[in-house]
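Structure file my_file_14.txt with compact mmCIF, C-alpha atoms:
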```txt
# COMPACT_ATOMS: atom_id res chain seq x y z
CA MET A 198 53.11 -3.91 14.94
CA PRO A 199 54.01 -6.54 12.32
CA ARG A 200 53.55 -5.64 8.67
CA TRP A 201 51.11 -8.52 8.00
CA LEU A 202 48.82 -7.39 10.84
CA THR A 203 48.75 -3.84 9.48
CA THR A 204 47.79 -5.20 6.05
CA VAL A 205 45.02 -7.41 7.48
CA LEU A 206 43.57 -4.53 9.52
CA LEU A 207 43.71 -2.21 6.50
CA VAL A 208 41.90 -4.73 4.30
CA ALA A 209 39.26 -5.35 7.00
CA GLY A 210 38.69 -1.61 7.34
CA LEU A 211 38.36 -1.15 3.58
CA LEU A 212 35.87 -4.03 3.32
CA THR A 213 33.79 -2.60 6.17
CA GLY A 214 33.79 0.84 4.56
CA ALA A 215 32.79 -0.61 1.20
CA ALA A 216 29.89 -2.47 2.82
CA PHE A 217 28.63 0.71 4.48
CA LEU A 218 28.91 2.66 1.23
CA ALA A 219 27.25 -0.06 -0.86
CA GLU A 220 24.04 -0.16 1.20
CA PRO A 221 22.74 3.31 0.18
CA VAL A 222 23.59 2.55 -3.44
CA LEU A 223 21.65 -0.73 -3.33
CA LEU A 224 18.70 0.97 -1.62
CA TYR A 225 18.60 3.63 -4.33
CA ARG A 226 18.66 0.98 -7.07
CA ARG A 227 15.85 -1.03 -5.41
CA ARG A 228 13.63 2.04 -5.08
CA ARG A 229 14.34 3.10 -8.64
CA ALA A 230 13.56 -0.42 -9.95
CA ALA A 231 10.29 -0.51 -7.97
CA ALA A 232 9.27 2.89 -9.33
CA GLY A 233 10.18 1.80 -12.87
CA ALA A 234 8.18 -1.43 -12.51
CA ALA A 235 5.10 0.58 -11.51
CA GLY A 236 5.20 2.41 -14.83
CA PRO A 237 3.62 5.75 -15.67
CA GLY A 238 0.14 6.30 -14.28
CA MET A 239 0.34 3.40 -11.85
CA ALA A 240 -0.34 3.84 -8.15
CA GLY A 241 2.79 2.01 -6.99
CA PRO A 242 4.37 -1.41 -6.58
CA GLY A 243 1.85 -4.23 -6.15
CA GLN A 244 -0.99 -2.43 -7.90
CA GLY A 245 -1.22 -3.92 -11.35
CA PRO A 246 -3.79 -4.09 -14.12
CA GLY A 247 -7.42 -4.84 -13.41
CA SER A 248 -8.78 -8.30 -12.74
CA GLY A 249 -12.39 -7.53 -13.60
CA GLN A 250 -13.81 -8.35 -10.16
CA GLY A 251 -16.49 -5.68 -10.20
CA PRO A 252 -17.07 -1.96 -10.65
CA GLY A 253 -14.05 0.08 -9.64
CA PHE A 254 -11.98 -2.89 -8.46
CA GLU A 255 -8.46 -3.40 -9.78
CA GLY A 256 -5.59 -5.61 -8.62
CA GLN A 257 -3.78 -8.87 -9.16
CA GLY A 258 -5.19 -11.02 -6.37
CA PRO A 259 -5.72 -11.28 -2.64
CA GLY A 260 -4.10 -8.46 -0.72
CA ALA A 261 -3.40 -6.34 -3.81
CA GLY A 262 -4.30 -2.67 -3.35
CA ARG A 263 -7.05 -1.67 -5.73
CA LEU A 264 -7.75 1.77 -7.07
CA ALA A 265 -10.81 2.77 -9.00
CA PRO A 266 -10.07 4.25 -12.42
CA GLY A 267 -9.71 8.00 -12.01
CA LYS A 268 -10.11 7.88 -8.22
CA ALA A 269 -7.04 7.56 -6.05
CA ARG A 270 -8.78 8.43 -2.78
CA VAL A 271 -10.33 5.03 -2.00
CA VAL A 272 -8.13 1.92 -1.81
CA LEU A 273 -9.71 -1.56 -1.53
CA ALA A 274 -7.81 -4.71 -0.54
CA ASP A 275 -8.66 -8.30 0.42
CA TYR A 276 -8.49 -9.19 4.12
CA ASP A 277 -10.19 -11.66 6.47
CA ARG A 278 -12.53 -9.06 8.05
CA VAL A 279 -13.98 -5.63 7.23
CA VAL A 280 -11.71 -2.75 8.25
CA VAL A 281 -12.28 0.85 7.16
CA MET A 282 -9.60 3.49 7.83
CA HIS A 283 -9.35 7.15 6.90
CA SER A 284 -5.95 8.80 6.58
CA ALA A 285 -6.32 12.49 7.34
CA CYS A 286 -2.85 13.43 6.07
CA ASP A 287 -3.59 12.44 2.46
CA ASP A 288 -7.41 12.19 2.71
CA THR A 289 -7.40 8.55 1.53
CA VAL A 290 -9.86 5.86 2.58
CA TYR A 291 -8.49 2.31 2.99
CA VAL A 292 -10.99 -0.57 2.97
CA LEU A 293 -9.90 -4.09 3.86
CA ARG A 294 -12.63 -6.68 3.30
CA PRO A 295 -13.08 -10.40 2.62
CA PRO A 296 -13.43 -11.27 -1.08
CA GLY A 297 -17.08 -11.14 -2.11
CA GLN A 298 -18.12 -9.15 0.98
CA ASP A 299 -21.56 -7.52 0.78
CA PRO A 300 -21.14 -3.80 -0.11
CA GLU A 301 -23.84 -2.85 2.41
CA ALA A 302 -21.76 -4.39 5.23
CA ILE A 303 -18.76 -2.35 4.11
CA LEU A 304 -20.84 0.84 4.08
CA ARG A 305 -22.23 0.08 7.58
CA ALA A 306 -18.65 -0.09 8.88
CA ALA A 307 -17.61 2.96 6.86
CA ARG A 308 -20.51 5.01 8.22
CA LEU A 309 -18.84 4.90 11.66
CA VAL A 310 -15.51 6.23 10.37
CA LEU A 311 -16.04 8.45 7.34
CA GLN A 312 -17.47 11.89 6.79
CA GLU A 313 -20.10 12.47 4.10
CA GLY A 314 -17.74 13.23 1.17
CA PRO A 315 -15.46 10.18 1.40
CA TYR A 316 -18.46 8.03 2.37
CA GLY A 317 -20.25 9.05 -0.84
CA GLU A 318 -17.15 8.31 -2.94
CA LEU A 319 -16.85 4.85 -1.37
CA ALA A 320 -20.54 4.17 -1.99
CA ASP A 321 -20.17 5.23 -5.64
CA GLN A 322 -17.14 2.98 -6.05
CA LEU A 323 -18.98 0.02 -4.53
CA GLY A 324 -21.98 0.70 -6.77
CA VAL A 325 -24.42 1.15 -3.87
CA PRO A 326 -26.53 4.25 -3.10
CA ALA A 327 -25.05 6.23 -0.22
CA GLY A 328 -28.48 6.80 1.39
CA LEU A 329 -29.03 3.22 2.60
CA PRO A 330 -31.24 2.96 5.70
CA VAL A 331 -29.37 2.32 8.94
CA GLU A 332 -30.19 -1.08 10.49
```
Kindly return the structure encoded in the file as structure tokens.
Amino acid sequence: MPRWLTTVLLVAGLLTGAAFLAEPVLLYRRRRAAAGAAGPGMAGPGQGPGSGQGPGFEGQGPGAGRLAPGKARVVLADYDRVVVMHSACDDTVYVLRPPGQDPEAILRAARLVLQEGPYGELADQLGVPAGLPVE
């Protein structure tokens, strides 16, 4: 094999190896930067300071996850329809709803999904009594 071909193949192999080794390093730096941007006491990336949209609502705009102060078990976010989900693994309730949606409509949907404890927490966060009559 000619000497120039050996050199070209060696350089190509070294560049390929460097690319494979650089990816985990870049991933680590991105995760560390995202965790640092969240700051202490924050819920995570994308969940910033409050916008004053109502009791227990925090976020930066449409689609931003919102956590009530002191309660990390109910997450509210803007969406085009009402969706209520309950994650059993971390016992968190996720509520996707249109901006300005009536809290009673959210609780009617949540009544189908949630047990009494998380349902009461969601009602408290929305500022509505949990004992609303069923329509």
Name all residues at most 8 Å from Ile303 of chain A (count all atoms listed in the file; drop same-chain ones fewer than 3 positions away) and give them as a PyMOL selection string. chain A and resi 279+281+294+298-300+306-307
Report task. Give me the residues within 9 Å of Gly317 of chain A as a VMD selection string, counting only C-alpha atoms and dropping any in the same chain fewer than 5 places off. Result -> chain A and resid 312 322 326 to 328
**Å distance separating atom CA of Asp275 of chain A from atom CA of Leu293 of chain A, one decimal place** =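 The value is 5.6 Å.
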Q: Please indicate the distance in Å from atom CA of Ala320 of chain A to atom CA of Leu304 of chain A, rounded to one decimal place.
A: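 Between atom CA of Ala320 of chain A and atom CA of Leu304 of chain A the gap works out to 6.9 Å.
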Taken to one decimal, the atom CA of Ala230 of chain A-atom CA of Gly214 of chain A distance is 24.9 Å
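By chain and then residue number, the residues within 9 Å of segment 313-316 of chain A are Arg270, Val271, His283, Asp288, Thr289, Val290, Leu304, Ala307, Arg308, Asp321 and Ala327 of chain A, counting only C-alpha atoms and disregarding those fewer than 5 positions away in sequence.
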* Can you work out which one of A:Ala216, A:Val292, A:Leu207, A:Val222 has the shortest atom-to-atom distance to Val272 of chain A, counting all atoms listed in the file? =>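 For Val272 of chain A, the nearest of the given residues is A:Val292.
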For segment 283-291 of chain A, I'd like the enclosing box, axis-aligned and padded by 4 Å on every side, reported as JSON with centre and edge lengths in Å to one decimal.
```
{"center_x": -6.4, "center_y": 7.9, "center_z": 4.4, "size_x": 15.0, "size_y": 19.1, "size_z": 13.8}
```
